file protein02.txt (compact mmCIF, C-alpha atoms)
# COMPACT_ATOMS: atom_id res chain seq x y z
CA MET A 148 -36.12 64.12 6.65
CA THR A 149 -39.15 65.43 8.50
CA ALA A 150 -39.26 65.78 12.30
CA PRO A 151 -41.49 63.30 14.13
CA THR A 152 -44.92 64.48 15.14
CA PRO A 153 -45.07 65.04 18.92
CA ALA A 154 -47.49 62.94 20.95
CA PRO A 155 -50.53 64.59 22.53
CA GLY A 156 -49.48 66.73 25.48
CA GLU A 157 -45.77 66.92 24.35
CA THR A 158 -44.03 70.05 23.14
CA ALA A 159 -43.13 70.66 19.52
CA THR A 160 -39.41 71.07 18.71
CA ALA A 161 -38.21 73.07 15.77
CA PRO A 162 -35.05 71.73 14.10
CA GLY A 163 -32.11 73.42 15.75
CA GLY A 164 -34.35 75.65 17.83
CA PRO A 165 -35.82 75.78 21.34
CA ARG A 166 -38.72 73.62 22.39
CA ARG A 167 -42.01 75.42 22.03
CA PRO A 168 -45.11 74.47 24.06
CA ARG A 169 -47.82 72.91 21.98
CA ARG A 170 -51.11 74.76 21.94
CA ARG A 171 -53.99 72.88 23.50
CA ALA A 172 -57.35 72.84 21.81
CA PRO A 173 -59.86 75.01 23.68
CA ARG A 174 -62.23 73.01 25.87
CA ARG A 175 -65.82 73.21 24.73
CA THR A 176 -68.12 74.37 27.50
CA GLY A 177 -71.38 74.71 25.63
CA ALA A 178 -74.20 72.23 26.21
CA PRO A 179 -76.21 70.70 23.35
CA LEU A 180 -79.77 71.94 23.18
CA PRO A 181 -81.39 68.47 23.63
CA LEU A 182 -79.62 68.23 26.99
CA LEU A 183 -79.84 71.87 28.03
CA VAL A 184 -83.62 72.18 27.74
CA PRO A 185 -84.60 69.22 29.98
CA ALA A 186 -81.83 70.20 32.42
CA VAL A 187 -83.26 73.70 32.81
CA ILE A 188 -86.79 72.29 33.14
CA GLY A 189 -85.59 69.87 35.81
CA LEU A 190 -83.88 72.67 37.72
CA ALA A 191 -87.04 74.78 37.56
CA PHE A 192 -89.12 71.83 38.71
CA LEU A 193 -86.96 71.41 41.81
CA ALA A 194 -86.44 75.09 42.60
CA LEU A 195 -89.90 76.54 41.85
CA PRO A 196 -91.69 75.07 44.91
CA LEU A 197 -88.98 76.39 47.23
CA VAL A 198 -89.08 79.82 45.61
CA ALA A 199 -92.87 79.84 45.89
CA LEU A 200 -92.56 79.03 49.59
CA LEU A 201 -90.32 82.04 50.06
CA ILE A 202 -92.60 84.30 48.01
CA ARG A 203 -95.76 83.32 49.86
CA ALA A 204 -94.16 83.45 53.31
CA PRO A 205 -95.87 85.87 55.75
CA TRP A 206 -92.68 87.74 56.59
CA ARG A 207 -94.41 90.49 58.58
CA SER A 208 -96.17 88.08 60.90
CA MET A 209 -93.27 85.62 61.01
CA PRO A 210 -91.99 86.69 64.47
CA THR A 211 -95.46 86.26 65.98
CA LEU A 212 -95.99 82.89 64.34
CA LEU A 213 -92.61 81.51 65.33
CA THR A 214 -92.85 82.65 68.96
CA SER A 215 -96.15 80.95 69.69
CA THR A 216 -96.23 78.28 72.39
CA GLU A 217 -97.29 75.54 70.00
CA VAL A 218 -94.43 76.22 67.60
CA TRP A 219 -91.79 76.27 70.32
CA GLU A 220 -93.16 73.10 71.86
CA ALA A 221 -93.06 71.31 68.51
CA LEU A 222 -89.57 72.66 67.81
CA ARG A 223 -88.30 71.62 71.24
CA LEU A 224 -89.75 68.14 70.84
CA SER A 225 -88.34 67.82 67.32
CA LEU A 226 -84.82 68.78 68.40
CA LEU A 227 -84.97 66.52 71.44
CA CYS A 228 -86.26 63.48 69.55
CA ALA A 229 -83.97 63.98 66.54
CA THR A 230 -80.97 64.19 68.85
CA GLY A 231 -82.09 61.10 70.73
CA ALA A 232 -82.61 59.19 67.48
CA THR A 233 -79.15 60.24 66.30
CA ALA A 234 -77.62 59.02 69.57
CA VAL A 235 -79.35 55.65 69.14
CA SER A 236 -78.12 55.51 65.55
CA LEU A 237 -74.54 56.19 66.65
CA VAL A 238 -74.55 53.58 69.40
CA LEU A 239 -76.04 50.87 67.19
CA GLY A 240 -75.12 52.00 63.68
CA VAL A 241 -71.36 52.46 63.97
CA PRO A 242 -70.75 48.86 65.18
CA LEU A 243 -73.14 47.63 62.50
CA ALA A 244 -71.25 49.54 59.82
CA TRP A 245 -67.95 48.10 61.10
CA LEU A 246 -69.43 44.60 60.97
CA LEU A 247 -70.53 45.05 57.37
CA ALA A 248 -67.23 46.58 56.28
CA ARG A 249 -64.68 44.44 58.13
CA VAL A 250 -66.17 41.00 58.84
CA GLU A 251 -66.88 38.32 56.26
CA PHE A 252 -69.88 36.17 57.21
CA PRO A 253 -72.57 34.20 55.37
CA GLY A 254 -75.52 36.35 54.34
CA ARG A 255 -73.70 39.66 54.59
CA GLY A 256 -75.39 40.86 51.41
CA LEU A 257 -78.80 40.07 52.87
CA VAL A 258 -77.94 41.92 56.09
CA ARG A 259 -76.82 44.95 54.10
CA ALA A 260 -80.06 44.86 52.13
CA LEU A 261 -82.09 44.77 55.37
CA VAL A 262 -80.09 47.68 56.77
CA THR A 263 -80.66 49.85 53.71
CA LEU A 264 -84.30 48.83 53.24
CA PRO A 265 -85.70 51.75 55.31
CA LEU A 266 -84.10 54.11 52.79
CA VAL A 267 -86.60 53.03 50.14
CA LEU A 268 -89.42 51.74 52.34
CA PRO A 269 -92.43 54.09 52.53
CA PRO A 270 -92.31 55.68 56.00
CA VAL A 271 -95.94 54.78 56.70
CA VAL A 272 -95.10 51.13 56.04
CA GLY A 273 -92.21 51.49 58.46
CA GLY A 274 -94.61 52.83 61.09
CA VAL A 275 -96.96 49.90 60.58
CA ALA A 276 -94.03 47.49 60.85
CA LEU A 277 -92.98 49.13 64.12
CA LEU A 278 -96.52 48.73 65.45
CA MET A 279 -96.50 45.03 64.54
CA ALA A 280 -93.14 44.59 66.27
CA LEU A 281 -93.25 46.97 69.25
CA GLY A 282 -96.95 47.68 69.76
CA ARG A 283 -98.79 46.41 72.82
CA ASN A 284 -99.81 43.32 70.87
CA GLY A 285 -96.65 43.23 68.77
CA VAL A 286 -94.15 40.42 68.47
CA VAL A 287 -91.80 42.04 70.99
CA GLY A 288 -94.01 44.78 72.38
CA ARG A 289 -96.29 42.40 74.27
CA TRP A 290 -93.32 41.07 76.24
CA LEU A 291 -92.01 44.57 76.93
CA ASP A 292 -95.41 45.49 78.33
CA ALA A 293 -95.86 42.29 80.35
CA TRP A 294 -92.34 42.01 81.79
CA PHE A 295 -91.20 45.63 82.15
CA GLY A 296 -94.38 47.68 81.78
CA VAL A 297 -92.84 49.51 78.81
CA THR A 298 -95.20 50.87 76.15
CA LEU A 299 -93.61 52.57 73.17
CA PRO A 300 -96.44 53.54 70.77
CA PHE A 301 -97.93 57.03 71.16
CA THR A 302 -95.17 58.19 73.51
CA THR A 303 -92.18 60.51 73.14
CA THR A 304 -89.91 57.46 73.29
CA GLY A 305 -91.92 56.04 70.42
CA VAL A 306 -91.06 59.14 68.38
CA VAL A 307 -87.36 58.51 69.01
CA VAL A 308 -87.74 54.87 67.99
CA ALA A 309 -89.60 55.75 64.78
CA GLU A 310 -87.07 58.40 63.82
CA ALA A 311 -84.12 56.13 64.58
CA PHE A 312 -85.64 53.41 62.38
CA VAL A 313 -85.66 55.65 59.32
CA ALA A 314 -82.48 57.63 60.10
CA MET A 315 -80.00 54.93 61.11
CA PRO A 316 -79.43 53.60 57.55
CA PHE A 317 -78.05 57.00 56.50
CA LEU A 318 -75.40 56.77 59.20
CA VAL A 319 -74.61 53.10 58.50
CA VAL A 320 -74.13 53.70 54.77
CA SER A 321 -71.90 56.73 55.39
CA VAL A 322 -69.72 55.03 58.01
CA GLU A 323 -69.45 51.77 56.04
CA GLY A 324 -68.21 53.68 53.01
CA THR A 325 -65.63 55.48 55.14
CA LEU A 326 -64.48 52.21 56.68
CA ARG A 327 -64.05 50.61 53.27
CA ALA A 328 -61.91 53.55 52.17
CA ALA A 329 -59.75 53.36 55.31
CA ASP A 330 -56.69 51.11 55.22
CA PRO A 331 -57.34 48.04 57.43
CA ARG A 332 -53.60 47.43 57.83
CA TYR A 333 -53.47 49.96 60.65
CA GLU A 334 -55.90 47.82 62.64
CA GLU A 335 -53.90 44.70 61.81
CA ALA A 336 -50.68 46.37 62.94
CA ALA A 337 -52.29 47.35 66.24
CA THR A 338 -53.48 43.78 66.86
CA THR A 339 -50.05 42.36 66.10
CA LEU A 340 -48.64 44.69 68.79
CA GLY A 341 -50.96 43.16 71.37
CA ALA A 342 -54.06 45.33 71.16
CA SER A 343 -57.45 43.64 71.15
CA ARG A 344 -59.80 44.12 68.20
CA PHE A 345 -61.94 46.52 70.23
CA THR A 346 -58.91 48.51 71.40
CA ALA A 347 -57.67 48.73 67.80
CA PHE A 348 -61.07 49.97 66.72
CA ARG A 349 -61.30 52.50 69.55
CA ARG A 350 -57.75 53.84 69.37
CA VAL A 351 -56.91 53.47 65.67
CA THR A 352 -59.95 53.08 63.44
CA LEU A 353 -62.37 55.39 65.20
CA PRO A 354 -60.18 58.51 64.89
CA MET A 355 -59.57 57.76 61.18
CA ILE A 356 -63.28 57.45 60.33
CA MET A 357 -64.48 60.31 62.53
CA PRO A 358 -65.26 62.60 59.53
CA GLY A 359 -67.50 59.89 58.06
CA ILE A 360 -69.20 59.37 61.41
CA ALA A 361 -69.81 63.10 61.74
CA ALA A 362 -71.26 63.33 58.24
CA GLY A 363 -73.48 60.30 58.82
CA ALA A 364 -74.66 61.69 62.15
CA VAL A 365 -75.64 65.00 60.58
CA LEU A 366 -77.52 63.21 57.80
CA ALA A 367 -79.27 60.98 60.33
CA TRP A 368 -80.18 63.97 62.49
CA ALA A 369 -81.62 65.87 59.54
CA ARG A 370 -83.59 62.83 58.38
CA ALA A 371 -84.95 62.28 61.89
CA LEU A 372 -85.92 65.94 62.18
CA GLY A 373 -87.99 65.73 59.00
CA GLU A 374 -89.59 62.33 59.64
CA PHE A 375 -93.38 62.28 59.30
CA GLY A 376 -94.93 59.00 58.12
CA ALA A 377 -93.45 56.53 60.59
CA THR A 378 -93.86 59.01 63.45
CA ILE A 379 -97.55 59.71 62.94
CA THR A 380 -98.27 56.00 62.39
CA PHE A 381 -96.31 54.66 65.36
CA ALA A 382 -96.38 57.59 67.81
CA GLY A 383 -99.47 59.57 66.82
CA ASN A 384 -99.91 63.35 66.79
CA PHE A 385 -100.35 64.56 70.37
CA PRO A 386 -99.28 68.17 71.06
CA GLY A 387 -96.53 68.37 73.63
CA ARG A 388 -95.89 64.63 73.58
CA THR A 389 -95.47 63.34 70.03
CA GLN A 390 -96.19 66.33 67.76
CA THR A 391 -92.92 67.18 66.03
CA MET A 392 -92.39 69.96 63.51
CA PRO A 393 -93.47 68.00 60.40
CA LEU A 394 -96.64 66.90 62.20
CA ALA A 395 -97.26 70.49 63.30
CA VAL A 396 -96.92 71.61 59.67
CA TYR A 397 -99.47 69.03 58.58
CA LEU A 398 -101.92 70.08 61.31
CA ALA A 399 -101.43 73.81 60.76
CA LEU A 400 -101.97 73.47 57.01
CA GLN A 401 -105.59 72.54 57.66
CA SER A 402 -106.38 75.48 59.95
CA ASP A 403 -103.63 78.13 59.64
CA PRO A 404 -101.73 78.04 56.32
CA GLU A 405 -99.49 80.95 57.32
CA ALA A 406 -98.28 79.04 60.37
CA ALA A 407 -97.65 76.00 58.17
CA ILE A 408 -95.50 78.11 55.85
CA ALA A 409 -93.56 79.55 58.79
CA LEU A 410 -92.87 76.09 60.18
CA SER A 411 -91.87 74.87 56.72
CA LEU A 412 -89.35 77.68 56.42
CA VAL A 413 -87.76 76.61 59.69
CA LEU A 414 -87.31 73.07 58.36
CA LEU A 415 -86.05 74.47 55.05
CA ALA A 416 -83.45 76.54 56.89
CA VAL A 417 -82.30 73.45 58.78
CA SER A 418 -81.98 71.49 55.53
CA ILE A 419 -79.92 74.26 53.93
CA ALA A 420 -77.67 74.38 56.99
CA VAL A 421 -77.11 70.61 56.74
CA LEU A 422 -76.19 70.86 53.06
CA ALA A 423 -73.83 73.75 53.81
CA GLY A 424 -72.17 71.75 56.56
CA LEU A 425 -71.67 68.73 54.30
CA ARG A 426 -70.57 70.61 51.18
CA ASP A 427 -66.91 69.53 51.52
CA ARG A 428 -67.92 65.85 51.69
CA TRP A 429 -70.73 65.60 49.14
CA MET A 430 -69.84 68.36 46.70
CA THR A 431 -66.69 69.06 44.74
CA ALA A 432 -65.55 72.33 43.29
CA SER A 433 -65.36 72.63 39.54
call {"tool": "encode", "arguments": {"input": "protein02.txt", "output": "structure tokens"}}
result
Amino acid sequence: MTAPTPAPGETATAPGGPRRPRRRAPRRTGAPLPLLVPAVIGLAFLALPLVALLIRAPWRSMPTLLTSTEVWEALRLSLLCATGATAVSLVLGVPLAWLLARVEFPGRGLVRALVTLPLVLPPVVGGVALLMALGRNGVVGRWLDAWFGVTLPFTTTGVVVAEAFVAMPFLVVSVEGTLRAADPRYEEAATTLGASRFTAFRRVTLPMIMPGIAAGAVLAWARALGEFGATITFAGNFPGRTQTMPLAVYLALQSDPEAAIALSLVLLAVSIAVLAGLRDRWMTAS
């Protein structure tokens, strides 16, 4: 009588002898040529422009270019406005993400679509939409000007508004995903012990989702720092007032290409730092 064949992953047993581990088939790591070739071409397509930027960079004159008054002013304004836009996104976006993740209401799918629309909307279209809404003759802007004397277009505050418009969806999507992964029973337990919904959110939920909030805030900050289309459409390009780093790159490219490359390298370094900071959340080790 023959011994039964062991199932996959089990050990083979010799009659009357010790159990011997079954050899596993070696895992194939090679890639088929029809997939390898377009993959390599795609990698080269994405990496070549960045490599060219590094090759053509004026490294010798880089300190002089990066210490000019115009560059520092644009960098200061970019950091200030990106931080302000991130703060606005946190104050408004975290409650919005909680609403989408925890509350059932009619039209929630439509609200989620509206929230994520700026992710795919051309930034210039977003700037035009902001002008129609918050401009001096806009739907809301006319009342802001008449009642409070507040004018947003072509001001530093307008830069913050434009950057928050395009950056907030990144934070909302990140926080909503974290909330959906968190167990809502902790909130329910807190409410059954007498805590209000807001207290349960503040004392229980918020600490649990803090990593998702941090990741969303970093993504929103990086997106705000690199915003161009909505900013130039809604806030203009005035040095010292609305000219951020991307706008300075665009202006320098027409008159001083070396300065444009230097500014681009600064933004590239920031992007790499953001990816490095988020590697544990968005990347997995093989």
call {"tool": "residues_near_point", "arguments": {"input": "protein02.txt", "point": "(-95.1, 46.6, 67.1)", "cutoff": "9 Å", "atoms": "all atoms listed in the file", "output": "PyMOL selection string"}}
result
chain A and resi 274-289+299-300+381
call {"tool": "atom_distance", "arguments": {"input": "protein02.txt", "atom1": "atom CA of A:Met392", "atom2": "atom CA of A:Leu224"}}
result
8.0 Å
call {"tool": "residues_around", "arguments": {"input": "protein02.txt", "residues": "A:Ala377", "least_positions_apart": "4", "cutoff": "9 Å", "atoms": "all atoms listed in the file", "output": "PyMOL selection string"}}
result
chain A and resi 269-275+277+306+309-310+312-313+381-382
call {"tool": "residues_near_point", "arguments": {"input": "protein02.txt", "point": "(-76.4, 49.4, 66.1)", "cutoff": "12 Å", "atoms": "only C-alpha atoms", "output": "MDAnalysis selection string"}}
result
chainID A and resid 232:247 262 311:312 314:316 318:319 322
call {"tool": "residues_around", "arguments": {"input": "protein02.txt", "residues": "stretch 325-327 of chain A", "least_positions_apart": "3", "cutoff": "12 Å", "atoms": "only C-alpha atoms", "output": "MDAnalysis selection string"}}
result
chainID A and resid 241:250 318:322 330:334 348 351:363 428
call {"tool": "residues_around", "arguments": {"input": "protein02.txt", "residues": "A:Gly387", "least_positions_apart": "4", "cutoff": "12 Å", "atoms": "all atoms listed in the file", "output": "number ranges by chain"}}
result
A: 216-225, 227, 301-303, 306, 383, 391-392, 394-395
call {"tool": "residues_around", "arguments": {"input": "protein02.txt", "residues": "A:Ala204", "least_positions_apart": "4", "cutoff": "7 Å", "atoms": "all atoms listed in the file", "output": "number ranges by chain"}}
result
A: 200, 408-409
call {"tool": "closest_residue", "arguments": {"input": "protein02.txt", "among": "A:Val421, A:Leu412, A:Ala407, A:Val267", "to": "A:Val198", "atoms": "all atoms listed in the file"}}
result
A:Leu412
call {"tool": "atom_distance", "arguments": {"input": "protein02.txt", "atom1": "atom CA of A:Thr378", "atom2": "atom CA of A:Leu414"}}
result
16.3 Å
call {"tool": "atom_distance", "arguments": {"input": "protein02.txt", "atom1": "atom CA of A:Phe375", "atom2": "atom CA of A:Ser411"}}
result
12.9 Å
call {"tool": "closest_residue", "arguments": {"input": "protein02.txt", "among": "A:Gly189, A:Gly256, A:Gly305, A:Gly231", "to": "A:Thr389", "atoms": "only C-alpha atoms"}}
result
A:Gly305
call {"tool": "closest_residue", "arguments": {"input": "protein02.txt", "among": "A:Ala336, A:Leu366, A:Ala347, A:Ala178", "to": "A:Gly424", "atoms": "all atoms listed in the file"}}
result
A:Leu366
call {"tool": "axis_aligned_box", "arguments": {"input": "protein02.txt", "around": "stretch 339-353 of chain A", "padding_each_side": "8 Å", "output": "AutoDock Vina command-line options"}}
result
--center_x -55.5 --center_y 48.9 --center_z 67.4 --size_x 29.7 --size_y 29.0 --size_z 24.0
call {"tool": "build_atoms", "arguments": {"input": "protein02.txt", "residues": "stretch 221-232 of chain A", "atoms": "all heavy atoms", "output": "PDB file, in the coordinates of the input"}}
result
ATOM      1  N   ALA A 221     -93.359  72.255  69.590  1.00  0.00           N
ATOM      2  CA  ALA A 221     -93.060  71.310  68.510  1.00  0.00           C
ATOM      3  C   ALA A 221     -91.583  71.341  68.143  1.00  0.00           C
ATOM      4  O   ALA A 221     -90.970  70.293  67.889  1.00  0.00           O
ATOM      5  CB  ALA A 221     -93.915  71.628  67.286  1.00  0.00           C
ATOM      6  N   LEU A 222     -90.993  72.550  68.135  1.00  0.00           N
ATOM      7  CA  LEU A 222     -89.570  72.660  67.810  1.00  0.00           C
ATOM      8  C   LEU A 222     -88.710  72.001  68.888  1.00  0.00           C
ATOM      9  O   LEU A 222     -87.754  71.282  68.583  1.00  0.00           O
ATOM     10  CB  LEU A 222     -89.193  74.133  67.657  1.00  0.00           C
ATOM     11  CG  LEU A 222     -87.730  74.426  67.323  1.00  0.00           C
ATOM     12  CD1 LEU A 222     -87.329  73.755  66.019  1.00  0.00           C
ATOM     13  CD2 LEU A 222     -87.483  75.929  67.264  1.00  0.00           C
ATOM     14  N   ARG A 223     -89.050  72.232  70.147  1.00  0.00           N
ATOM     15  CA  ARG A 223     -88.300  71.620  71.240  1.00  0.00           C
ATOM     16  C   ARG A 223     -88.373  70.098  71.164  1.00  0.00           C
ATOM     17  O   ARG A 223     -87.353  69.390  71.288  1.00  0.00           O
ATOM     18  CB  ARG A 223     -88.853  72.101  72.583  1.00  0.00           C
ATOM     19  CG  ARG A 223     -88.117  71.530  73.800  1.00  0.00           C
ATOM     20  CD  ARG A 223     -88.921  71.734  75.059  1.00  0.00           C
ATOM     21  NE  ARG A 223     -90.155  70.947  75.027  1.00  0.00           N
ATOM     22  CZ  ARG A 223     -90.216  69.660  75.352  1.00  0.00           C
ATOM     23  NH1 ARG A 223     -89.122  68.996  75.687  1.00  0.00           N
ATOM     24  NH2 ARG A 223     -91.371  69.025  75.312  1.00  0.00           N
ATOM     25  N   LEU A 224     -89.571  69.589  70.931  1.00  0.00           N
ATOM     26  CA  LEU A 224     -89.750  68.140  70.840  1.00  0.00           C
ATOM     27  C   LEU A 224     -89.015  67.571  69.637  1.00  0.00           C
ATOM     28  O   LEU A 224     -88.410  66.490  69.717  1.00  0.00           O
ATOM     29  CB  LEU A 224     -91.235  67.802  70.777  1.00  0.00           C
ATOM     30  CG  LEU A 224     -91.592  66.316  70.896  1.00  0.00           C
ATOM     31  CD1 LEU A 224     -91.185  65.780  72.267  1.00  0.00           C
ATOM     32  CD2 LEU A 224     -93.097  66.124  70.678  1.00  0.00           C
ATOM     33  N   SER A 225     -89.030  68.284  68.519  1.00  0.00           N
ATOM     34  CA  SER A 225     -88.340  67.820  67.320  1.00  0.00           C
ATOM     35  C   SER A 225     -86.836  67.735  67.553  1.00  0.00           C
ATOM     36  O   SER A 225     -86.190  66.739  67.199  1.00  0.00           O
ATOM     37  CB  SER A 225     -88.633  68.749  66.144  1.00  0.00           C
ATOM     38  OG  SER A 225     -89.982  68.669  65.753  1.00  0.00           O
ATOM     39  N   LEU A 226     -86.265  68.782  68.136  1.00  0.00           N
ATOM     40  CA  LEU A 226     -84.820  68.780  68.400  1.00  0.00           C
ATOM     41  C   LEU A 226     -84.439  67.695  69.389  1.00  0.00           C
ATOM     42  O   LEU A 226     -83.421  67.011  69.217  1.00  0.00           O
ATOM     43  CB  LEU A 226     -84.395  70.160  68.908  1.00  0.00           C
ATOM     44  CG  LEU A 226     -84.567  71.331  67.933  1.00  0.00           C
ATOM     45  CD1 LEU A 226     -84.190  72.639  68.616  1.00  0.00           C
ATOM     46  CD2 LEU A 226     -83.742  71.125  66.681  1.00  0.00           C
ATOM     47  N   LEU A 227     -85.258  67.532  70.422  1.00  0.00           N
ATOM     48  CA  LEU A 227     -84.970  66.520  71.440  1.00  0.00           C
ATOM     49  C   LEU A 227     -85.025  65.113  70.842  1.00  0.00           C
ATOM     50  O   LEU A 227     -84.113  64.299  71.042  1.00  0.00           O
ATOM     51  CB  LEU A 227     -85.960  66.655  72.586  1.00  0.00           C
ATOM     52  CG  LEU A 227     -85.831  65.647  73.728  1.00  0.00           C
ATOM     53  CD1 LEU A 227     -84.504  65.825  74.455  1.00  0.00           C
ATOM     54  CD2 LEU A 227     -86.993  65.789  74.709  1.00  0.00           C
ATOM     55  N   CYS A 228     -86.093  64.830  70.097  1.00  0.00           N
ATOM     56  CA  CYS A 228     -86.260  63.480  69.550  1.00  0.00           C
ATOM     57  C   CYS A 228     -85.250  63.197  68.439  1.00  0.00           C
ATOM     58  O   CYS A 228     -84.734  62.075  68.344  1.00  0.00           O
ATOM     59  CB  CYS A 228     -87.691  63.308  69.027  1.00  0.00           C
ATOM     60  SG  CYS A 228     -88.945  63.316  70.322  1.00  0.00           S
ATOM     61  N   ALA A 229     -84.968  64.194  67.595  1.00  0.00           N
ATOM     62  CA  ALA A 229     -83.970  63.980  66.540  1.00  0.00           C
ATOM     63  C   ALA A 229     -82.594  63.720  67.126  1.00  0.00           C
ATOM     64  O   ALA A 229     -81.846  62.858  66.637  1.00  0.00           O
ATOM     65  CB  ALA A 229     -83.933  65.179  65.602  1.00  0.00           C
ATOM     66  N   THR A 230     -82.252  64.426  68.188  1.00  0.00           N
ATOM     67  CA  THR A 230     -80.970  64.190  68.850  1.00  0.00           C
ATOM     68  C   THR A 230     -80.930  62.816  69.497  1.00  0.00           C
ATOM     69  O   THR A 230     -79.916  62.103  69.426  1.00  0.00           O
ATOM     70  CB  THR A 230     -80.704  65.284  69.894  1.00  0.00           C
ATOM     71  OG1 THR A 230     -80.774  66.574  69.262  1.00  0.00           O
ATOM     72  CG2 THR A 230     -79.341  65.112  70.532  1.00  0.00           C
ATOM     73  N   GLY A 231     -82.030  62.429  70.145  1.00  0.00           N
ATOM     74  CA  GLY A 231     -82.090  61.100  70.730  1.00  0.00           C
ATOM     75  C   GLY A 231     -81.994  60.003  69.692  1.00  0.00           C
ATOM     76  O   GLY A 231     -81.297  58.992  69.891  1.00  0.00           O
ATOM     77  N   ALA A 232     -82.684  60.187  68.553  1.00  0.00           N
ATOM     78  CA  ALA A 232     -82.610  59.190  67.480  1.00  0.00           C
ATOM     79  C   ALA A 232     -81.201  59.113  66.896  1.00  0.00           C
ATOM     80  O   ALA A 232     -80.723  58.021  66.551  1.00  0.00           O
ATOM     81  CB  ALA A 232     -83.611  59.543  66.378  1.00  0.00           C
TER      82      ALA A 232
END
